[in-house]
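Structure first, then comments.
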Amino acid sequence: MLQQTGQFEKAHALLDTLATKTVSAAQLKKAWEEQLVARHGKFIAAHFTSQKEELGYNAVYEKCTFEKNVVDLRVVFSKSHKILGYVVAGITPVAGSGTAK
């Protein structure tokens with residue numbers, strides 16, 4: 001994940017033009033820091049879990065492991081293979097982290 005290494009401009013370049021009109025690189029950084037890292041702890045790893053077509057778009061599912069929780073992420077791609085958006089599809093506490101669902 002480019003966000004893990006602070007490469008928000010590169011991450012922004014992977015977005016579809018529809019997404020780049022509404023989300024800036026600075027907003028990606030803010031979402032990463034305030035919505036993911038602040039809530040779930042330090043990022044550890046991401047693992048591909050599945051891929052399927054949904055409403056004509058390609059949806060990729062990943063499990064993103066943070067210190068406190070595993071975040072199931074759904075990333076939706078355009079037909080031109082650019083990211084249209086992502087959504088948190090589920091959150092599971094990491095064993096022994098002391099966090100609740």
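So you can find residues: chains in the structure tokens are A, B, ... in the order shown, residues in each start at 1, and ligands are numbered from 1 in order.
Residues in contact with segment 42-58 of chain A at up to 7 Å, not including ones fewer than 4 positions away on its chain and judged by only C-alpha atoms, are Gln4, Val37, Glu62, Lys63, Cys64, Thr65, Phe66, Glu67, Val76, Phe77, Ser78 and Lys79 of chain A.
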Need the shell around segment 82-98 of chain A: protein/DNA/RNA residues with any atom at most 9 Å away, counting only C-alpha atoms. Skip same-chain ones fewer than 6 positions apart. Format as an NGL selection string? :A and (13-20 or 40 or 61 or 65-76)
For the strand (DSSP E) assignment from backbone DSSP, which residues of segment 29-65 of chain A qualify? Please present them as a PyMOL selection string. chain A and resi 43-54+57-65
Among chain A, which ones does DSSP place in alpha helix (DSSP H), written as a PyMOL selection string? chain A and resi 8-13+17-20+25-30+38-40
Just-selected residues, C-alpha atoms written as a PDB file, in the first residue's frame:
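Listing of result10.pdb after writing:
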ATOM      1  CA  PHE A   8      -0.190   9.785  -1.223  1.00  0.00           C
ATOM      2  CA  GLU A   9       0.482  11.534  -4.551  1.00  0.00           C
ATOM      3  CA  LYS A  10       1.268   8.168  -6.173  1.00  0.00           C
ATOM      4  CA  ALA A  11      -1.826   6.641  -4.572  1.00  0.00           C
ATOM      5  CA  HIS A  12      -3.894   9.552  -5.876  1.00  0.00           C
ATOM      6  CA  ALA A  13      -2.558   8.923  -9.399  1.00  0.00           C
ATOM      7  CA  THR A  17     -10.703  10.665 -13.006  1.00  0.00           C
ATOM      8  CA  LEU A  18     -14.166  10.657 -11.384  1.00  0.00           C
ATOM      9  CA  ALA A  19     -12.522  10.018  -8.009  1.00  0.00           C
ATOM     10  CA  THR A  20      -9.706  12.543  -8.496  1.00  0.00           C
ATOM     11  CA  ALA A  25      -3.977  13.491  -2.206  1.00  0.00           C
ATOM     12  CA  ALA A  26      -4.254  15.490   1.029  1.00  0.00           C
ATOM     13  CA  GLN A  27      -7.682  13.962   1.675  1.00  0.00           C
ATOM     14  CA  LEU A  28      -6.255  10.467   1.086  1.00  0.00           C
ATOM     15  CA  LYS A  29      -3.578  11.234   3.666  1.00  0.00           C
ATOM     16  CA  LYS A  30      -6.147  12.505   6.150  1.00  0.00           C
ATOM     17  CA  ALA A  38      -5.761   6.362  14.434  1.00  0.00           C
ATOM     18  CA  ARG A  39      -8.520   3.796  14.880  1.00  0.00           C
ATOM     19  CA  HIS A  40      -6.749   0.542  14.043  1.00  0.00           C
TER      20      HIS A  40
END
